[in-house]
Each structure stands twice: as structure tokens, then as C-alpha cells.
file coords04.txt (compact mmCIF, C-alpha atoms)
# COMPACT_ATOMS: atom_id res chain seq x y z
CA MET A 1 -8.77 -22.76 -16.33
CA PRO A 2 -5.96 -20.14 -16.32
CA ALA A 3 -4.07 -20.35 -13.06
CA ILE A 4 -1.30 -18.58 -11.20
CA THR A 5 1.36 -21.27 -11.20
CA ALA A 6 4.23 -19.32 -9.64
CA VAL A 7 4.94 -15.94 -8.08
CA GLY A 8 8.40 -14.38 -8.15
CA LEU A 9 9.57 -11.49 -6.02
CA GLY A 10 12.10 -8.69 -6.37
CA ILE A 11 13.12 -6.37 -3.57
CA PRO A 12 16.03 -3.97 -3.07
CA ASP A 13 18.98 -5.34 -1.10
CA ARG A 14 18.69 -2.74 1.63
CA SER A 15 15.89 -2.34 4.16
CA TYR A 16 15.30 0.42 6.70
CA THR A 17 13.44 0.77 9.97
CA GLN A 18 10.73 3.37 10.34
CA GLU A 19 13.03 5.47 12.50
CA GLU A 20 15.84 5.32 9.92
CA ILE A 21 13.46 6.46 7.19
CA PHE A 22 11.91 9.18 9.36
CA ARG A 23 15.32 10.58 10.26
CA GLY A 24 16.61 10.26 6.70
CA LEU A 25 13.69 12.19 5.25
CA GLY A 26 14.10 14.88 7.90
CA HIS A 27 10.44 15.27 8.78
CA ARG A 28 9.37 17.37 11.73
CA ARG A 29 8.79 15.53 14.99
CA ILE A 30 5.02 16.07 14.91
CA TYR A 31 4.80 13.50 12.11
CA TRP A 32 6.66 10.73 13.95
CA ASP A 33 3.40 9.15 15.14
CA LEU A 34 2.52 8.41 11.50
CA PHE A 35 5.70 6.36 11.17
CA ALA A 36 5.75 4.85 14.66
CA SER A 37 2.16 3.68 14.68
CA ALA A 38 2.22 2.10 11.22
CA GLY A 39 3.15 -1.35 12.53
CA ILE A 40 5.93 -1.77 9.96
CA GLU A 41 9.18 -3.40 11.07
CA LYS A 42 11.16 -2.56 7.95
CA ARG A 43 10.79 -1.38 4.38
CA HIS A 44 13.01 -2.06 1.39
CA LEU A 45 14.09 0.98 -0.59
CA CYS A 46 16.36 1.28 -3.62
CA LEU A 47 17.69 4.63 -2.43
CA ALA A 48 18.64 5.60 1.12
CA PRO A 49 16.00 8.00 2.52
CA ALA A 50 18.51 10.83 2.83
CA GLU A 51 19.31 10.38 -0.88
CA MET A 52 15.62 10.42 -1.80
CA VAL A 53 15.31 13.92 -0.40
CA LYS A 54 18.16 15.19 -2.55
CA THR A 55 17.02 13.85 -5.90
CA GLY A 56 15.52 16.23 -8.41
CA PRO A 57 12.78 15.38 -10.90
CA GLN A 58 15.13 14.13 -13.62
CA ASP A 59 17.07 11.92 -11.21
CA LYS A 60 13.87 10.55 -9.75
CA HIS A 61 12.65 9.64 -13.20
CA GLU A 62 15.93 7.95 -14.15
CA HIS A 63 16.16 6.13 -10.80
CA GLY A 64 12.57 4.99 -11.22
CA GLN A 65 13.26 3.54 -14.65
CA ARG A 66 16.48 1.82 -13.61
CA PHE A 67 15.26 0.40 -10.31
CA ALA A 68 11.91 -0.71 -11.73
CA LEU A 69 13.76 -2.63 -14.44
CA ASP A 70 16.16 -4.19 -11.89
CA LEU A 71 13.39 -5.35 -9.57
CA SER A 72 11.19 -6.51 -12.45
CA LEU A 73 14.00 -8.69 -13.81
CA LYS A 74 14.61 -10.14 -10.34
CA ALA A 75 10.93 -10.99 -9.91
CA LEU A 76 10.56 -12.39 -13.43
CA ARG A 77 13.67 -14.60 -13.16
CA ASP A 78 12.51 -15.86 -9.77
CA CYS A 79 9.06 -16.59 -11.18
CA LEU A 80 10.16 -18.36 -14.36
CA GLY A 81 12.81 -20.29 -12.45
CA GLN A 82 10.25 -21.83 -10.12
CA ASP A 83 8.42 -23.48 -13.01
CA GLY A 84 11.49 -24.02 -15.17
CA VAL A 85 10.07 -21.81 -17.92
CA GLU A 86 12.50 -20.23 -20.38
CA PRO A 87 11.88 -16.55 -21.20
CA GLN A 88 11.34 -17.51 -24.85
CA ARG A 89 8.25 -19.47 -23.77
CA VAL A 90 6.46 -16.34 -22.57
CA ASP A 91 3.77 -15.33 -25.06
CA CYS A 92 2.25 -12.37 -23.21
CA LEU A 93 3.93 -9.89 -20.87
CA VAL A 94 1.74 -7.65 -18.75
CA PHE A 95 3.58 -4.81 -17.02
CA VAL A 96 1.84 -2.92 -14.22
CA CYS A 97 3.20 0.23 -12.58
CA CYS A 98 1.89 3.53 -11.26
CA THR A 99 4.97 5.18 -9.74
CA ILE A 100 7.57 5.60 -12.48
CA GLY A 101 5.60 7.70 -14.90
CA PHE A 102 4.71 7.14 -18.50
CA GLN A 103 7.12 6.24 -21.24
CA SER A 104 6.92 4.84 -24.69
CA PRO A 105 7.67 2.07 -25.21
CA ALA A 106 6.62 0.94 -21.75
CA MET A 107 8.93 -0.90 -19.35
CA GLY A 108 7.71 -4.25 -20.68
CA TRP A 109 9.78 -3.73 -23.85
CA GLU A 110 12.94 -3.21 -21.74
CA ILE A 111 12.16 -6.32 -19.72
CA ALA A 112 11.59 -8.40 -22.86
CA TYR A 113 14.85 -7.17 -24.38
CA GLU A 114 16.87 -7.88 -21.23
CA MET A 115 15.31 -11.33 -20.86
CA GLY A 116 15.80 -12.28 -24.51
CA MET A 117 12.09 -12.82 -25.09
CA ARG A 118 10.65 -13.48 -28.54
CA GLU A 119 9.83 -10.63 -30.88
CA ASP A 120 6.18 -11.66 -31.13
CA VAL A 121 5.46 -11.34 -27.41
CA VAL A 122 2.14 -9.60 -26.79
CA HIS A 123 2.75 -6.62 -24.52
CA ILE A 124 0.03 -5.28 -22.26
CA PRO A 125 1.18 -2.19 -20.34
CA ILE A 126 -1.07 -1.06 -17.50
CA ALA A 127 -0.48 2.32 -15.92
CA GLY A 128 -2.67 4.38 -13.65
CA ALA A 129 -4.39 1.56 -11.80
CA GLY A 130 -2.61 2.43 -8.55
CA CYS A 131 -2.26 -0.10 -5.77
CA ALA A 132 -5.03 -2.22 -7.30
CA GLY A 133 -3.01 -2.83 -10.48
CA ALA A 134 -2.42 -6.54 -9.95
CA GLY A 135 -6.16 -7.08 -10.44
CA PRO A 136 -6.44 -5.79 -14.01
CA GLY A 137 -3.01 -7.24 -14.76
CA LEU A 138 -4.08 -10.75 -13.85
CA ARG A 139 -7.41 -10.31 -15.56
CA ARG A 140 -5.74 -9.34 -18.86
CA ALA A 141 -3.49 -12.41 -18.58
CA TRP A 142 -6.54 -14.59 -17.85
CA GLU A 143 -8.33 -13.22 -20.93
CA PHE A 144 -5.23 -13.85 -23.07
CA LEU A 145 -5.13 -17.44 -21.84
CA ARG A 146 -8.81 -17.95 -22.58
CA LEU A 147 -8.13 -16.96 -26.20
CA ASN A 148 -4.82 -18.82 -26.36
CA PRO A 149 -5.18 -21.88 -24.11
CA LEU A 150 -1.66 -23.20 -24.67
CA ALA A 151 0.01 -19.85 -24.05
CA THR A 152 2.12 -18.64 -21.13
CA ALA A 153 1.65 -15.17 -19.65
CA ALA A 154 3.75 -13.26 -17.13
CA VAL A 155 2.33 -10.37 -15.11
CA VAL A 156 4.99 -8.08 -13.67
CA THR A 157 4.02 -5.47 -11.07
CA ALA A 158 6.83 -3.12 -10.06
CA GLU A 159 6.77 0.04 -7.98
CA ILE A 160 9.47 2.49 -6.97
CA SER A 161 8.41 4.85 -4.18
CA ASN A 162 11.36 7.14 -4.68
CA ALA A 163 10.13 7.95 -8.17
CA ALA A 164 7.02 9.37 -6.50
CA TYR A 165 8.77 10.99 -3.54
CA HIS A 166 7.56 14.57 -3.32
CA PRO A 167 9.05 17.34 -1.16
CA SER A 168 5.64 18.40 0.12
CA SER A 169 4.58 19.22 3.66
CA ASP A 170 1.09 17.93 2.89
CA THR A 171 0.12 15.48 5.63
CA GLY A 172 -1.14 12.91 3.11
CA VAL A 173 2.21 12.97 1.31
CA ILE A 174 4.06 12.52 4.59
CA LEU A 175 1.77 9.63 5.47
CA GLY A 176 2.75 8.09 2.14
CA ASN A 177 6.41 8.52 3.10
CA ALA A 178 5.58 6.61 6.29
CA LEU A 179 4.06 3.63 4.50
CA PHE A 180 5.39 3.07 0.97
CA ALA A 181 8.31 0.95 -0.21
CA ASP A 182 9.89 -0.50 -3.35
CA GLY A 183 9.28 -3.96 -4.74
CA ALA A 184 8.21 -6.10 -7.66
CA SER A 185 6.23 -9.26 -7.98
CA CYS A 186 5.63 -11.43 -11.03
CA TYR A 187 2.90 -14.00 -11.64
CA LEU A 188 3.18 -16.83 -14.14
CA VAL A 189 -0.25 -17.56 -15.61
CA ARG A 190 -0.92 -20.76 -17.53
CA ASN A 191 -3.61 -23.35 -17.99
CA GLY A 192 -2.75 -26.05 -15.53
CA PRO A 193 -2.55 -26.76 -11.82
CA GLY A 194 -2.06 -23.84 -9.49
CA LEU A 195 -4.23 -21.07 -8.18
CA SER A 196 -7.01 -21.23 -10.77
CA MET A 197 -8.72 -17.89 -11.32
CA LEU A 198 -12.48 -18.50 -11.44
CA ASP A 199 -13.98 -15.02 -11.42
CA PHE A 200 -13.05 -11.36 -11.34
CA VAL A 201 -14.85 -8.34 -9.90
CA GLU A 202 -13.95 -4.73 -10.55
CA LEU A 203 -15.87 -1.99 -8.72
CA HIS A 204 -15.39 1.78 -8.82
CA ASP A 205 -16.41 4.48 -6.41
CA TYR A 206 -16.22 7.40 -8.83
CA ALA A 207 -17.20 9.97 -6.21
CA HIS A 208 -13.78 9.32 -4.65
CA ARG A 209 -11.76 9.20 -7.86
CA HIS A 210 -9.54 12.03 -6.57
CA THR A 211 -9.31 10.89 -2.93
CA ILE A 212 -6.48 8.43 -3.53
CA ALA A 213 -4.44 9.45 -6.55
CA MET A 214 -1.13 10.30 -8.12
CA VAL A 215 -1.08 13.80 -9.55
CA TRP A 216 1.53 15.82 -11.41
CA ASP A 217 2.84 18.64 -9.25
CA GLN A 218 6.04 20.67 -9.70
CA ALA A 219 7.47 18.28 -12.30
CA SER A 220 6.97 15.31 -9.99
CA PHE A 221 4.38 12.75 -9.15
CA LYS A 222 2.67 13.58 -5.89
CA LEU A 223 0.71 11.05 -3.89
CA VAL A 224 -2.75 12.06 -2.72
CA LEU A 225 -3.67 9.96 0.27
CA PRO A 226 -6.36 10.44 2.90
CA LEU A 227 -5.27 10.08 6.51
CA ARG A 228 -8.00 7.51 7.10
CA ALA A 229 -8.01 5.39 3.98
CA SER A 230 -9.75 2.53 5.80
CA GLU A 231 -12.97 4.56 5.69
CA LEU A 232 -12.89 3.96 1.93
CA THR A 233 -11.26 0.56 1.79
CA THR A 234 -13.34 -1.30 4.36
CA PRO A 235 -16.70 -0.84 2.61
CA MET A 236 -15.02 -1.52 -0.73
CA VAL A 237 -13.60 -4.85 0.46
CA ARG A 238 -17.09 -5.74 1.66
CA ARG A 239 -18.65 -4.81 -1.71
CA VAL A 240 -16.06 -6.70 -3.72
CA LEU A 241 -16.33 -9.85 -1.62
CA ASP A 242 -20.13 -9.72 -1.50
CA THR A 243 -20.21 -9.45 -5.30
CA LEU A 244 -17.75 -12.31 -5.80
CA LEU A 245 -19.65 -14.53 -3.38
CA ARG A 246 -23.09 -13.69 -4.75
CA ARG A 247 -22.03 -14.50 -8.30
CA SER A 248 -20.54 -17.81 -7.28
CA GLY A 249 -23.26 -18.80 -4.83
CA LEU A 250 -20.73 -19.03 -2.01
CA SER A 251 -20.61 -17.62 1.51
CA LEU A 252 -17.68 -16.19 3.43
CA GLY A 253 -17.31 -19.50 5.22
CA ASP A 254 -16.54 -21.20 1.91
CA ILE A 255 -13.40 -19.11 1.47
CA GLY A 256 -10.44 -20.75 3.10
CA HIS A 257 -7.85 -18.04 2.57
CA PHE A 258 -8.05 -14.28 2.23
CA VAL A 259 -5.31 -12.27 0.56
CA PHE A 260 -5.86 -8.54 0.82
CA HIS A 261 -3.76 -5.64 -0.40
CA SER A 262 -1.49 -4.79 2.54
CA GLY A 263 -2.01 -1.08 2.15
CA GLY A 264 -1.98 -0.24 5.83
CA ARG A 265 -2.60 -1.87 9.17
CA SER A 266 -5.89 -0.02 9.60
CA ILE A 267 -6.94 -1.26 6.15
CA LEU A 268 -6.32 -4.87 7.15
CA ASP A 269 -7.83 -4.38 10.62
CA GLY A 270 -10.89 -2.73 9.05
CA ALA A 271 -11.43 -5.66 6.68
CA SER A 272 -10.93 -8.18 9.48
CA GLN A 273 -13.45 -6.47 11.75
CA GLU A 274 -16.04 -5.64 9.09
CA LEU A 275 -16.08 -9.15 7.66
CA GLU A 276 -15.42 -10.88 10.99
CA ILE A 277 -12.47 -12.70 9.48
CA PRO A 278 -10.00 -13.80 12.15
CA ARG A 279 -6.65 -12.13 11.68
CA GLU A 280 -4.99 -15.54 11.47
CA ARG A 281 -6.77 -16.13 8.16
CA MET A 282 -5.25 -12.93 6.84
CA GLU A 283 -1.83 -13.57 8.30
CA HIS A 284 0.00 -13.53 4.96
CA SER A 285 -1.27 -10.01 4.28
CA TYR A 286 -0.33 -8.89 7.79
CA ARG A 287 3.13 -10.43 7.49
CA VAL A 288 3.78 -8.63 4.20
CA TRP A 289 2.69 -5.40 5.86
CA ARG A 290 5.08 -5.86 8.79
CA GLU A 291 8.03 -6.92 6.65
CA HIS A 292 7.61 -4.68 3.60
CA GLY A 293 5.01 -1.95 4.03
CA ASN A 294 2.99 -0.84 1.02
CA MET A 295 4.63 -1.57 -2.33
CA SER A 296 1.52 -0.42 -4.18
CA SER A 297 0.54 -2.80 -6.99
CA ALA A 298 3.42 -5.17 -6.19
CA THR A 299 2.27 -5.77 -2.62
CA VAL A 300 -0.45 -8.36 -3.01
CA GLY A 301 1.90 -10.64 -4.97
CA PHE A 302 4.07 -10.97 -1.88
CA ALA A 303 1.08 -12.24 0.12
CA VAL A 304 0.06 -14.65 -2.65
CA ARG A 305 3.63 -16.00 -2.72
CA SER A 306 3.60 -16.30 1.07
CA LEU A 307 0.38 -18.31 0.88
CA LEU A 308 1.72 -20.56 -1.90
CA ASP A 309 4.90 -21.22 0.11
CA SER A 310 3.09 -21.83 3.39
CA GLY A 311 1.94 -25.37 2.72
CA GLU A 312 -1.52 -24.37 3.96
CA LEU A 313 -3.23 -24.79 0.60
CA ARG A 314 -5.05 -28.03 -0.13
CA PRO A 315 -6.54 -28.91 -3.53
CA GLY A 316 -10.06 -27.49 -3.67
CA ASP A 317 -9.34 -24.61 -1.25
CA ARG A 318 -10.91 -21.35 -2.29
CA VAL A 319 -8.88 -18.15 -2.08
CA ALA A 320 -10.17 -14.58 -2.33
CA ILE A 321 -7.67 -11.95 -3.48
CA VAL A 322 -8.75 -8.33 -3.02
CA THR A 323 -6.79 -5.26 -4.03
CA MET A 324 -7.77 -1.61 -3.71
CA GLY A 325 -6.37 1.54 -5.21
CA ALA A 326 -6.80 4.81 -7.05
CA GLY A 327 -10.16 5.22 -8.70
CA PHE A 328 -11.34 4.55 -6.01
CA THR A 329 -11.32 0.98 -7.16
CA GLY A 330 -11.63 -2.47 -5.68
CA GLN A 331 -10.53 -5.57 -7.54
CA GLY A 332 -11.41 -9.10 -6.49
CA ILE A 333 -10.32 -12.49 -7.78
CA LEU A 334 -11.91 -15.73 -6.68
CA CYS A 335 -9.47 -18.62 -6.98
CA ARG A 336 -9.47 -22.32 -6.32
CA TYR A 337 -6.26 -24.16 -5.60
CA THR A 338 -5.85 -27.09 -7.94
CA GLY A 339 -2.43 -28.23 -6.82
CA GLY A 340 0.96 -27.32 -8.16
CA HIS A 341 4.62 -28.09 -8.41
CA ARG A 342 5.09 -27.71 -4.65
CA ASP A 343 2.74 -30.63 -3.88
CA MET B 1 -10.83 24.58 33.37
CA THR B 2 -12.56 27.41 31.55
CA ASP B 3 -9.78 29.74 30.44
CA ARG B 4 -9.42 31.05 26.92
CA THR B 5 -6.35 28.97 26.02
CA TRP B 6 -8.13 25.77 27.05
CA ASP B 7 -11.20 26.74 25.01
CA ARG B 8 -9.08 27.27 21.93
CA ILE B 9 -7.34 23.91 22.45
CA MET B 10 -10.72 22.23 22.64
CA ARG B 11 -11.87 24.07 19.50
CA ALA B 12 -8.85 22.71 17.64
CA ALA B 13 -9.39 19.22 19.04
CA ARG B 14 -13.02 19.11 17.93
CA GLN B 15 -11.79 19.06 14.32
CA VAL B 16 -10.23 15.65 14.95
CA LYS B 17 -12.25 12.53 14.25
CA GLY B 18 -13.01 10.53 17.37
CA PHE B 19 -12.22 13.33 19.81
CA ARG B 20 -14.11 13.19 23.14
CA GLU B 21 -14.13 16.22 25.39
CA ASP B 22 -15.91 14.90 28.47
CA GLY B 23 -13.75 14.43 31.54
CA LEU B 24 -10.62 16.01 30.14
CA ASN B 25 -8.47 18.14 32.40
CA SER B 26 -4.94 19.49 32.58
CA ALA B 27 -3.61 16.17 33.85
CA THR B 28 -4.93 14.20 30.85
CA GLY B 29 -2.08 12.64 28.91
CA ILE B 30 -1.69 13.83 25.34
CA LYS B 31 -1.19 10.23 24.22
CA ASP B 32 -4.05 8.90 26.38
CA GLU B 33 -6.27 7.70 23.55
CA LYS B 34 -8.79 6.19 25.95
CA ALA B 35 -9.34 9.58 27.58
CA HIS B 36 -9.70 11.80 24.51
CA GLY B 37 -10.37 9.35 21.67
CA MET B 38 -7.62 10.60 19.36
CA ASP B 39 -5.50 7.86 17.80
CA SER B 40 -1.99 8.34 16.44
CA ILE B 41 -3.25 9.96 13.23
CA GLY B 42 -5.66 12.05 15.29
CA ARG B 43 -2.83 13.33 17.47
CA VAL B 44 -0.95 14.51 14.38
CA GLU B 45 -4.13 16.23 13.16
CA PHE B 46 -4.56 17.72 16.65
CA THR B 47 -1.04 19.17 16.71
CA LEU B 48 -1.50 20.65 13.24
CA ALA B 49 -4.87 22.10 14.28
CA ILE B 50 -3.29 23.64 17.39
CA GLN B 51 -0.63 25.28 15.21
CA ASP B 52 -3.33 26.69 12.96
CA GLU B 53 -5.53 27.84 15.84
CA PHE B 54 -2.71 29.67 17.61
CA GLY B 55 -0.74 30.66 14.52
CA ILE B 56 2.46 29.15 15.89
CA GLN B 57 4.90 26.32 15.15
CA ILE B 58 5.62 23.75 17.82
CA GLY B 59 9.28 22.78 17.56
CA ASP B 60 10.63 19.24 17.86
CA GLU B 61 12.13 19.84 21.30
CA GLU B 62 8.98 21.53 22.56
CA LEU B 63 6.93 18.59 21.34
CA ASP B 64 9.17 16.16 23.21
CA GLN B 65 8.47 18.07 26.46
CA LEU B 66 4.70 17.75 26.19
CA SER B 67 3.18 15.03 28.32
CA THR B 68 -0.22 16.37 29.41
CA LEU B 69 -2.78 18.85 28.15
CA GLY B 70 -1.64 21.09 31.01
CA ASP B 71 1.86 21.08 29.53
CA LEU B 72 0.33 22.17 26.23
CA VAL B 73 -1.58 25.01 27.91
CA ALA B 74 1.64 26.18 29.56
CA LEU B 75 3.59 26.02 26.30
CA LEU B 76 0.95 27.97 24.39
CA ARG B 77 0.77 30.64 27.08
CA THR B 78 4.56 30.97 27.00
CA LYS B 79 4.61 31.30 23.24
CA ALA B 80 1.82 33.88 23.36
CA ALA B 81 3.61 35.97 26.01
call {"tool": "encode", "arguments": {"input": "coords04.txt", "output": "C-alpha cells"}}
result
Amino acid sequence: MPAITAVGLGIPDRSYTQEEIFRGLGHRRIYWDLFASAGIEKRHLCLAPAEMVKTGPQDKHEHGQRFALDLSLKALRDCLGQDGVEPQRVDCLVFVCCTIGFQSPAMGWEIAYEMGMREDVVHIPIAGAGCAGAGPGLRRAWEFLRLNPLATAAVVTAEISNAAYHPSSDTGVILGNALFADGASCYLVRNGPGLSMLDFVELHDYAHRHTIAMVWDQASFKLVLPLRASELTTPMVRRVLDTLLRRSGLSLGDIGHFVFHSGGRSILDGASQELEIPRERMEHSYRVWREHGNMSSATVGFAVRSLLDSGELRPGDRVAIVTMGAGFTGQGILCRYTGGHRD
Amino acid sequence: MTDRTWDRIMRAARQVKGFREDGLNSATGIKDEKAHGMDSIGRVEFTLAIQDEFGIQIGDEELDQLSTLGDLVALLRTKAA
């Protein structure tokens, strides 16, 4: 069964406190509560907040391209290094991003060139899936592995908030400025021991397809974000998990570890309360939230890596990964840990 | 308290999810979530609604001076004068 055998991470060198970001962006004092109450200790950003404000559309685009490539390469090298896999062994490269805009060829071609990958690598670019992008990314890799059992796939998720920084006074945009950060994560997917992916669920709430979104506005991406996203995410997490469990004949008690998209503290709290999952069993998601904030599609990879590194996993443990994002979409992956190189 | 300024503050506050009006008075703390039911996001919405209701901007320094709903009443009366 195709499994996640390693997760690599890439973050900018510099991190900032909420107060540093708030001051740097120059928001009015009435918005401070959005930053102060987020429960984030620090966020990593490629550009200093005061620089983000100054950048025009062209600079944002170029920064987005450059920083996304930098962080992707960091994450990919970290990932391949853990399993001792040479870049030439990668048969399929999935690249997921929603913040840096569209380009042709997609960023995956740049990554493959920089890494010296083979010329017959199968590229699967995924844009527009928002924060939930790791779900379809991993699913495409899983499908590739089902057709090519001996193959190796890498799924890179990279997001650059600055590329989507918008000089708007819209409260949803300012909330985004209070929560989002830069980062990349990369999954190695192969048949073998690891976090075996048993089933996938993808659910869409089309009535809210415009509630969380990235739209084009004044030659820039602009984030559309409701102030109370947990009103959408909590029932979606419930629906995704219920569907996964029903299809597998399992109950919540059979899931040993929950990894949710760390999109906001209220999102994690909402899932914990609705599903009556003790916060301790979601600690990896909470830790990622505190230490990184929301890195959109890259976020959940940080929590998966944290879980893999924790030593908590035992062969046979079931893991539920749930991501949510624009659409409004929920993505769920039911996994079983089958051991790995850390054992 | 039944004056016009207070009524308009309450009208703005009713737009905020979770807001509870019962038992509020001029001594109620603006950040006292238990008293009025407005969380941190709600307080931002409340301040924006106040600005809309009264057609004013509350400056950073003015905001720092506000501790109670009575302080807000006084500020709004001053700005209206």
C-alpha cells in the first residue's frame, strides 16, 4: 500500500512575533485583538512585515516565485535525505500551491531542474485547492503508486503569504495577515513501511465556495476569509471523519492520532469539542499552530512530521489526517502506521 | 442607562455574534467577555460597528484609553460635541 515514508520541511530563516508583524504591517490598533488572541507564538516569513507592505504586484509575484522555490528545495532535500533517496529516483513530482499565482510551466519544473531530476518525471501541478491542497496532492501520488507500484513520488506543498499580501482594510484580509505564514513541506510516497494511506475522502460545500477564497483584486491575490471560519470547518471535520469511519467500519475510538489542518486555534478547538477528542491527541496540530501559524497547504505536513518524529506511533496505529480549505472543501486521509526507518 | 448614546452603542453591539445585553452598565469592562459575550473577534466587530453607527473613527490612542462601556459613552459624546 502506498505510504508516506518521510516528510521534509522548509521554513524561512527568520521568524516574527505577532506584535512584530502587527507593528510592521502598520495596522490600526482596533485590529490588535485579531493578532493577540490568535495563540501564535511566532511565524516564519520570507520578507520582513514592513517590507511586505512596500512591495508592489510585480515584486510580490517575483518574491513568491523565488521564495516558493527556495522553501520547496529545502523541504524536498530534507525529505529525500531522510530516506536516502537520490533526486533521480523520483518518478512523480506533485507540486501544490495556492499563493504564488499561476505560471506555465508550473513550479514543479523549476524544482526538477534545480534538483537534477530525470527528464521523464511525471509532473502533477495542483493549484487552487487552498489550504486543503495536501489532500489532493497525496491522493494523486497514491493513485500514481497504485498504477506504478515500484515508483517513488514526492508531494511538495509550498506557500508564500507575502505573494498574497493585499493592502486592503477588509477585516477578513487583516485577519489573514494575523494568521498566515510561509513554509513548505514535502512527502515521500512509496510502497513500503510508513504511514500507509488506506482511504481518502473529499467533500465539498458548494454553497460556501466563495466564503474562503483567493480572488484577483487590483493586480494582486486577495484572501477572502470569514471572521469565524470554525463555523464552517467544525461541521466539515465531522462530516469528513464520519465518512472515513463509516467506509472503514471504524469508530472514533479506533483512531489513535488525529492530524488536523492548523488553520486557527478556534478551528482546532472546534474540532476537539465537536468530536470530543482530547486536545492532547491533537497536540501536534496545536504545536504547529503555536510555532508556525497557518502556512496554508504546507501546514498539515508539519504536524505529520511532528507525529512521525514523536516516537508515539506504533505499528498498527491508525491516523486520521484532515485538511480544509477553499471550496469549501474538506479532505480526509485514513492511514495506518506500518513502521518505518525510525523504528 | 437609557440615553441615546447608550442605545446606539447597544444597537451596534447587537450586530456582533454572541453579544448579551442583560446586566450591562457603564462600569462593564469592554474586554469582559463573560459580561457581554463578545470574544476577541467580536470586540473588533463591535468597534467597527460603533464607527459605522456614529460615523467616526476611533484613533489608536483613544482606543487605548477605553476600559469600560462608560468610557466609550464619554468618548462618543466628546466626539459628537
call {"tool": "closest_residue", "arguments": {"input": "coords04.txt", "among": "A:Ala326, A:Ala229, A:Ala303, A:Met107", "to": "Ile267 (chain A)", "atoms": "all atoms listed in the file"}}
result
A:Ala229
call {"tool": "closest_atom_pairs", "arguments": {"input": "coords04.txt", "of": "chain A", "to": "chain B", "cutoff": "12 Å", "atoms": "all atoms listed in the file", "output": "tab-separated table"}}
result
residue	atom	partner	partner_atom	distance
A:Gly26	CA	B:Asp60	CA	11.4
A:His27	CA	B:Asp60	CA	9.9
A:Arg28	CA	B:Asp60	CA	6.5
A:Arg29	CA	B:Asp60	CA	5.0
A:Ile30	CA	B:Val44	CA	6.2
A:Tyr31	CA	B:Val44	CA	6.3
A:Trp32	CA	B:Val44	CA	8.5
A:Asp33	CA	B:Ser40	CA	5.6
A:Leu34	CA	B:Ile41	CA	6.2
A:Phe35	CA	B:Ser40	CA	9.5
A:Ala36	CA	B:Ser40	CA	8.7
A:Ser37	CA	B:Ser40	CA	6.5
A:Ala38	CA	B:Ser40	CA	9.2
A:Gly39	CA	B:Ser40	CA	11.6
A:Ser169	CA	B:Leu48	CA	11.4
A:Asp170	CA	B:Leu48	CA	11.0
A:Thr171	CA	B:Glu45	CA	8.7
A:Gly172	CA	B:Ile41	CA	10.8
A:Ile174	CA	B:Val44	CA	11.2
A:Leu175	CA	B:Ile41	CA	9.2
A:Ala178	CA	B:Ile41	CA	11.7
A:Pro226	CA	B:Ile41	CA	10.8
A:Leu227	CA	B:Ile41	CA	7.0
A:Arg228	CA	B:Ile41	CA	8.1
A:Ala229	CA	B:Ile41	CA	11.4
A:Glu231	CA	B:Lys17	CA	11.7
A:Ser266	CA	B:Ile41	CA	10.9
call {"tool": "atom_distance", "arguments": {"input": "coords04.txt", "atom1": "CA of Gly37 (chain B)", "atom2": "CA of Gly70 (chain B)"}}
result
17.4 Å
call {"tool": "residues_around", "arguments": {"input": "coords04.txt", "residues": "Asp7 (chain B)", "least_positions_apart": "3", "cutoff": "12 Å", "atoms": "all atoms listed in the file", "output": "compact mmCIF listing (two decimals) with C-alpha atoms, in the coordinates of the input"}}
result
# COMPACT_ATOMS: atom_id res chain seq x y z
CA MET B 1 -10.83 24.58 33.37
CA THR B 2 -12.56 27.41 31.55
CA ASP B 3 -9.78 29.74 30.44
CA ARG B 4 -9.42 31.05 26.92
CA MET B 10 -10.72 22.23 22.64
CA ARG B 11 -11.87 24.07 19.50
CA ALA B 12 -8.85 22.71 17.64
CA ALA B 13 -9.39 19.22 19.04
CA ARG B 14 -13.02 19.11 17.93
CA GLU B 21 -14.13 16.22 25.39
CA LEU B 24 -10.62 16.01 30.14
CA ASN B 25 -8.47 18.14 32.40
CA ILE B 50 -3.29 23.64 17.39
CA GLU B 53 -5.53 27.84 15.84
CA PHE B 54 -2.71 29.67 17.61
CA LEU B 69 -2.78 18.85 28.15
CA VAL B 73 -1.58 25.01 27.91
call {"tool": "atom_distance", "arguments": {"input": "coords04.txt", "atom1": "CA of Arg66 (chain A)", "atom2": "CA of Thr157 (chain A)"}}
result
14.7 Å
call {"tool": "decode", "arguments": {"input": "coords04.txt", "residues": "region 297-341 of chain A", "atoms": "C-alpha atoms", "output": "mmCIF file, in the first residue's frame"}}
result
data_model
loop_
_atom_site.group_PDB
_atom_site.id
_atom_site.type_symbol
_atom_site.label_atom_id
_atom_site.label_comp_id
_atom_site.auth_asym_id
_atom_site.auth_seq_id
_atom_site.Cartn_x
_atom_site.Cartn_y
_atom_site.Cartn_z
ATOM 1 C CA SER A 297 -1.455 23.779 2.205
ATOM 2 C CA ALA A 298 2.016 23.297 3.720
ATOM 3 C CA THR A 299 0.740 23.336 7.302
ATOM 4 C CA VAL A 300 -0.531 19.822 7.804
ATOM 5 C CA GLY A 301 2.803 18.365 6.677
ATOM 6 C CA PHE A 302 4.452 19.972 9.685
ATOM 7 C CA ALA A 303 2.043 18.162 12.014
ATOM 8 C CA VAL A 304 2.541 14.848 10.193
ATOM 9 C CA ARG A 305 6.312 15.282 10.546
ATOM 10 C CA SER A 306 5.887 16.135 14.224
ATOM 11 C CA LEU A 307 3.888 12.946 14.728
ATOM 12 C CA LEU A 308 6.426 10.826 12.828
ATOM 13 C CA ASP A 309 9.266 12.279 14.922
ATOM 14 C CA SER A 310 7.446 11.928 18.231
ATOM 15 C CA GLY A 311 8.018 8.231 18.771
ATOM 16 C CA GLU A 312 4.325 7.902 19.640
ATOM 17 C CA LEU A 313 3.445 5.784 16.621
ATOM 18 C CA ARG A 314 3.292 2.023 16.999
ATOM 19 C CA PRO A 315 2.809 -0.399 14.096
ATOM 20 C CA GLY A 316 -0.923 -0.810 13.519
ATOM 21 C CA ASP A 317 -1.837 2.653 14.855
ATOM 22 C CA ARG A 318 -4.479 4.399 12.817
ATOM 23 C CA VAL A 319 -4.052 8.067 11.950
ATOM 24 C CA ALA A 320 -6.688 10.436 10.555
ATOM 25 C CA ILE A 321 -5.405 13.424 8.586
ATOM 26 C CA VAL A 322 -7.973 16.137 7.839
ATOM 27 C CA THR A 323 -7.383 19.307 5.864
ATOM 28 C CA MET A 324 -9.849 22.041 4.982
ATOM 29 C CA GLY A 325 -9.726 24.883 2.514
ATOM 30 C CA ALA A 326 -11.234 26.902 -0.288
ATOM 31 C CA GLY A 327 -14.192 25.260 -1.958
ATOM 32 C CA PHE A 328 -15.337 24.969 0.817
ATOM 33 C CA THR A 329 -13.642 21.614 0.895
ATOM 34 C CA GLY A 330 -12.665 19.013 3.433
ATOM 35 C CA GLN A 331 -10.102 16.325 2.679
ATOM 36 C CA GLY A 332 -9.541 13.271 4.836
ATOM 37 C CA ILE A 333 -6.943 10.517 4.717
ATOM 38 C CA LEU A 334 -7.150 7.393 6.832
ATOM 39 C CA CYS A 335 -3.702 5.956 7.480
ATOM 40 C CA ARG A 336 -2.220 3.027 9.319
ATOM 41 C CA TYR A 337 1.331 3.118 10.575
ATOM 42 C CA THR A 338 3.266 0.136 9.327
ATOM 43 C CA GLY A 339 6.656 1.033 10.725
ATOM 44 C CA GLY A 340 9.489 2.919 9.144
ATOM 45 C CA HIS A 341 13.128 3.831 9.129
#
